[in-house]
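Chemist: Please read through the structure below; I'll follow up with questions.
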Amino acid sequence: MVQKMEKIWFDGKLVPWDEAQVHVLTHTLHYGAGVFEGIRAYECVDGRSAVYRLEEHIDRLIDSAHILGMKIPFSAEEIVKGCIDTLKANGQKNGYIRPLVFIGDGVMGVHPGDNPIRVIIATWPWGAYLGEEALKKGIRVCTSTYARHHVNVMMTKSKCCGNYVNSVLAKTEAVANGYNEAIMLDTQGYVAEGSGENIFVVRDDIIKTPPLGNVLGGFTRDSIIMLAQELGYEVREEPIGRDTLYIADEAFFTGTAAEVTPIREVDRRQIGEGTCGPITSLLQDEYFKIVKGENEDYGDWLHYYEV
């Protein structure tokens with residue numbers, strides 16, 4: 001459950017949580033044409049708080065809206081400030097940040113006409129997306145019966161609300177079948193990503209991840225690639241088949257919500273030792289050092305604030 005907080009930033013103003021409401025004929029509610037981001041704030045080791053790669057997330061939010069032909073009525077700087085103001089208003093030293101851009105009510109029909117473009121920013125406490133135990137022991141996943149989007153079916157570089165119906169179907173199916181998460185294949189049959197995460201596999205100390213083609217490139221994915229290379233590992237972006245997953249020494253998901261979550265089983269086949277592998281564990285530890293301000297080499301990825 002999302003924990004109720006004090007304030008939500010709504011069209012440039014902080015309003016009480018319960019007053020952040022829209023009409024039932026809101027266009028995006030019916031047709032899915034909206035865009036969003038998921039961002040995390042962490043309490044750092046020095047007592048300060050920092051949002052991880054905040055400006056880049058907001059730039060992608062604006063790019064996503066542009067892809068859909070939506071003109072956001074606020075600048076990147078205003079939305080960045082809105083994220084920080086909301087965290088402060090809610091007294092949060094850490095937490096999850098959800099900016100959402102959507103088309104308001106007015107015209108009802110596929111074409112939104114001149115309906116207003118509205119923006120909200122909500123924040124709330126959120127621990128490990130797949131559970132604290134998952135970060136240590138890994139999760140069980142299955143290959144979804146639902147394919148990931150083709151690049152000309154949906155705009156795969158836009159973090160579009162409607163795209164995630166695909167994710168909801170895959171995740172719901174996986175959970176109903178007793179798994180923690182789904183792995184989705186692209187329309188050619190290669191591994192694409194999870195329902196809301198990027199995926200990596202490790203074999204003979206070489207780290208592989210699917211190319212970006214029809215995959216939304218996450219900032220955590222990008223961070224892990226850079227971090228792994230700095231640690232001396234070879235990272236390859238190349239097509240990955242299901243059988244490559246099955247014989248991997250290690251596998252893990254990455255994402256703002258998932259952070260670095262090991263995969264211990266795919267389609268009832270144990271991966272490696274069936275727990276968090278050594279390379280996954282190392283990358284996980286180093287990633288948390290970055291987001292919590294312990295690795296000053298990546299300090300420019302942190303937007304500090306004080307509550």
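Residue numbering restarts at 1 for every chain of the structure tokens, chains are lettered A, B, ... in their displayed order, and ligands are numbered from 1 as they appear.
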At a cut-off of 8 Å, using only C-alpha atoms, what residues contact region 219-225 of chain A? Leave out same-chain residues fewer than 4 positions from it and give the result as a compact mmCIF listing (two decimals) with C-alpha atoms, in the first residue's frame.
Modeler:
```txt
# COMPACT_ATOMS: atom_id res chain seq x y z
CA ARG A 53 20.09 11.25 -11.10
CA HIS A 57 15.00 11.56 -14.94
CA ASN A 198 16.24 -4.15 -17.15
CA GLN A 229 33.40 -1.53 -16.46
CA VAL A 235 30.04 -5.76 -20.44
CA THR A 254 18.10 -3.39 -12.33
CA GLY A 255 15.75 -0.43 -11.97
CA THR A 256 15.00 2.58 -9.83
CA GLU A 259 17.68 -1.36 -7.55
CA LEU A 283 27.65 -4.56 -8.00
CA TYR A 287 25.62 0.71 -6.31
```
Chemist: Skipping near chain neighbours, those fewer than 2 positions away, what residues fall within 6 Å of Ile139 (chain A) using only C-alpha atoms, listed as an mmCIF file with all heavy atoms, in the first residue's frame?
Modeler:
```
data_model
loop_
_atom_site.group_PDB
_atom_site.id
_atom_site.type_symbol
_atom_site.label_atom_id
_atom_site.label_comp_id
_atom_site.auth_asym_id
_atom_site.auth_seq_id
_atom_site.Cartn_x
_atom_site.Cartn_y
_atom_site.Cartn_z
ATOM 1 N N ALA A 134 14.503 -10.359 -1.125
ATOM 2 C CA ALA A 134 14.845 -10.550 -2.533
ATOM 3 C C ALA A 134 16.218 -9.981 -2.859
ATOM 4 O O ALA A 134 16.958 -10.549 -3.677
ATOM 5 C CB ALA A 134 13.790 -9.890 -3.414
ATOM 6 N N ILE A 263 18.416 -12.739 -9.463
ATOM 7 C CA ILE A 263 17.451 -13.755 -9.918
ATOM 8 C C ILE A 263 18.036 -15.119 -9.602
ATOM 9 O O ILE A 263 19.134 -15.454 -10.042
ATOM 10 C CB ILE A 263 17.206 -13.622 -11.435
ATOM 11 C CG1 ILE A 263 16.609 -12.246 -11.762
ATOM 12 C CG2 ILE A 263 16.304 -14.745 -11.938
ATOM 13 C CD1 ILE A 263 16.583 -11.929 -13.245
ATOM 14 N N ARG A 264 17.310 -15.897 -8.825
ATOM 15 C CA ARG A 264 17.848 -17.201 -8.429
ATOM 16 C C ARG A 264 17.260 -18.349 -9.237
ATOM 17 O O ARG A 264 17.805 -19.459 -9.230
ATOM 18 C CB ARG A 264 17.624 -17.448 -6.944
ATOM 19 C CG ARG A 264 16.199 -17.721 -6.508
ATOM 20 C CD ARG A 264 16.145 -18.150 -5.049
ATOM 21 N NE ARG A 264 14.839 -18.633 -4.641
ATOM 22 C CZ ARG A 264 13.900 -17.888 -4.057
ATOM 23 N NH1 ARG A 264 14.147 -16.612 -3.823
ATOM 24 N NH2 ARG A 264 12.743 -18.419 -3.712
#
```
Chemist: Name the closest residue to Leu169 (chain A) among the candidates A:Thr280, A:Thr143, A:Thr187, A:Ser195; distances are taken between atoms, counting only C-alpha atoms.
Modeler: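 Closest to Leu169 (chain A), using only C-alpha atoms: A:Ser195.
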Chemist: A:His27, A:Trp9, A:Ala257, A:Lys208: which is nearest Gly109 (chain A), counting only C-alpha atoms?
Modeler: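 With only C-alpha atoms as the atom set, the closest residue is A:His27.
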Chemist: Have a look at CA of Asp249 (chain A) and CA of Val168 (chain A) and let me know their distance in Å, one decimal.
Modeler: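 Between CA of Asp249 (chain A) and CA of Val168 (chain A) the gap works out to 28.7 Å.
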Chemist: Going by DSSP on the backbone, which bits of region 67-269 of chain A are helix (DSSP H, G or I)? Write them as JSON, numbers by chain, please.
Modeler: {"A": [67, 76, 77, 78, 79, 80, 81, 82, 83, 84, 85, 86, 87, 88, 89, 132, 133, 134, 135, 136, 137, 161, 162, 163, 164, 165, 166, 167, 168, 169, 170, 171, 172, 173, 174, 175, 176, 219, 220, 221, 222, 223, 224, 225, 226, 227, 228, 229, 230, 242, 243, 244, 245, 246]}
Chemist: One number please: CA of Ile247 (chain A) to CA of Phe288 (chain A), in Å, one decimal.
Modeler: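 Taking CA of Ile247 (chain A) and CA of Phe288 (chain A), their separation equals 27.6 Å.
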Chemist: So, with only C-alpha atoms as the atoms that count, which of A:Lys159, A:Arg269, A:Lys81, A:His150 lies closest to Leu61 (chain A)?
Modeler: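 Closest to Leu61 (chain A), using only C-alpha atoms: A:Lys159.
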Chemist: Which one of A:Leu14, A:Ile199, A:Ile72, A:Ile240 sits closest to Gly218 (chain A) if you count only C-alpha atoms?
Modeler: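 Among A:Leu14, A:Ile199, A:Ile72, A:Ile240, it is A:Ile199 that comes nearest to Gly218 (chain A).
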Chemist: Using only C-alpha atoms, which residues sit within 10 Å of Ile279 (chain A) once same-chain residues fewer than 5 positions away are excluded, as a PyMOL selection string?
Modeler: chain A and resi 202+205-207+228+233+249-252+284-285
Chemist: Can you pull out the residues contacting Val266 (chain A)? Cut-off 12 Å, using only C-alpha atoms, and skip same-chain residues under 4 positions away; I want them as a ChimeraX atom specification.
Modeler: /A:138-144,174,179-184,194,201,242-248,250-252,262,270-272,274
Chemist: Could you save those same residues with C-alpha atoms as a short mmCIF file (atom, residue, chain, number, x, y, z; two decimals), in the first residue's frame?
Modeler:
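Result went into again.cif, see below:
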```
data_model
loop_
_atom_site.label_atom_id
_atom_site.label_comp_id
_atom_site.auth_asym_id
_atom_site.auth_seq_id
_atom_site.Cartn_x
_atom_site.Cartn_y
_atom_site.Cartn_z
CA GLY A 138 17.16 -13.48 -5.17
CA ILE A 139 13.78 -14.04 -6.77
CA ARG A 140 11.97 -16.62 -8.88
CA VAL A 141 10.92 -15.47 -12.33
CA CYS A 142 9.19 -16.91 -15.37
CA THR A 143 9.13 -16.16 -19.07
CA SER A 144 5.94 -14.29 -19.82
CA ALA A 174 3.69 -14.29 -13.15
CA TYR A 179 6.59 -16.29 -9.35
CA ASN A 180 7.93 -12.95 -8.15
CA GLU A 181 8.41 -11.37 -11.56
CA ALA A 182 8.20 -11.91 -15.31
CA ILE A 183 10.82 -11.83 -18.03
CA MET A 184 9.45 -10.54 -21.31
CA GLY A 194 11.25 -7.54 -16.85
CA VAL A 201 23.21 -12.13 -17.06
CA ARG A 242 16.11 -17.85 -23.14
CA ASP A 243 18.66 -20.65 -23.10
CA THR A 244 21.40 -18.13 -22.27
CA LEU A 245 19.39 -17.23 -19.19
CA TYR A 246 19.07 -20.87 -18.16
CA ILE A 247 22.83 -21.50 -18.22
CA ALA A 248 23.89 -18.18 -16.71
CA GLU A 250 24.22 -15.22 -12.35
CA ALA A 251 21.32 -13.02 -13.41
CA PHE A 252 19.86 -9.86 -11.96
CA PRO A 262 19.35 -11.03 -8.05
CA GLN A 270 18.13 -22.76 -10.84
CA ILE A 271 20.55 -20.00 -11.80
CA GLY A 272 24.08 -20.60 -10.57
CA GLY A 274 20.48 -20.42 -6.52
#
```
Chemist: Quick one: everything within 9 Å of Val22 (chain A), counting only C-alpha atoms, minus sequence neighbours fewer than 3 positions away in the same chain. Send it as a list in words.
Modeler: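 Selected residues are Leu25, Thr26, Gly104 and Asp105 of chain A.
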Chemist: Next, write the just-selected residues to a file, as a PDB file, in the first residue's frame, keeping N, CA, C and O atoms as the atom set.
Modeler:
```
ATOM      1  N   LEU A  25     -13.557  11.898 -16.211  1.00  0.00           N
ATOM      2  CA  LEU A  25     -13.415  11.966 -17.664  1.00  0.00           C
ATOM      3  C   LEU A  25     -12.042  12.485 -18.087  1.00  0.00           C
ATOM      4  O   LEU A  25     -11.855  12.915 -19.219  1.00  0.00           O
ATOM      5  N   THR A  26     -11.087  12.416 -17.172  1.00  0.00           N
ATOM      6  CA  THR A  26      -9.702  12.760 -17.525  1.00  0.00           C
ATOM      7  C   THR A  26      -9.250  11.895 -18.693  1.00  0.00           C
ATOM      8  O   THR A  26      -9.360  10.667 -18.647  1.00  0.00           O
ATOM      9  N   GLY A 104      -5.736  16.253 -19.258  1.00  0.00           N
ATOM     10  CA  GLY A 104      -6.911  16.447 -18.426  1.00  0.00           C
ATOM     11  C   GLY A 104      -8.224  16.264 -19.174  1.00  0.00           C
ATOM     12  O   GLY A 104      -8.261  15.827 -20.327  1.00  0.00           O
ATOM     13  N   ASP A 105      -9.310  16.601 -18.513  1.00  0.00           N
ATOM     14  CA  ASP A 105     -10.629  16.414 -19.115  1.00  0.00           C
ATOM     15  C   ASP A 105     -10.975  17.563 -20.059  1.00  0.00           C
ATOM     16  O   ASP A 105     -10.357  18.628 -20.022  1.00  0.00           O
TER      17      ASP A 105
END
```
Chemist: Please run DSSP on the backbone and report, as a ChimeraX atom specification, all residues within region 21-258 of chain A that come out as strand (DSSP E).
Modeler: /A:34-36,39-43,49-52,95-103,117-124,139-143,181-185,191-194,198-203,206-209,234-237,250-255
Chemist: Show me, as a ChimeraX atom specification, the residues that have an atom within 9 Å of Ile97 (chain A) when counting only C-alpha atoms, minus same-chain residues fewer than 6 positions from it.
Modeler: /A:37-41,83,86-87,121-125
Chemist: Ranking A:Lys93, A:Glu237, A:Asp11, A:Ile290 by minimum distance to Glu43 (chain A) and counting only C-alpha atoms, which one comes first?
Modeler: A:Lys93
Chemist: Which is closer to Tyr164 (chain A) than all the others in A:Val51, A:Ile84, A:Ala258, A:Ala33, using only C-alpha atoms?
Modeler: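 Among the listed residues, A:Ala33 lies closest to Tyr164 (chain A).
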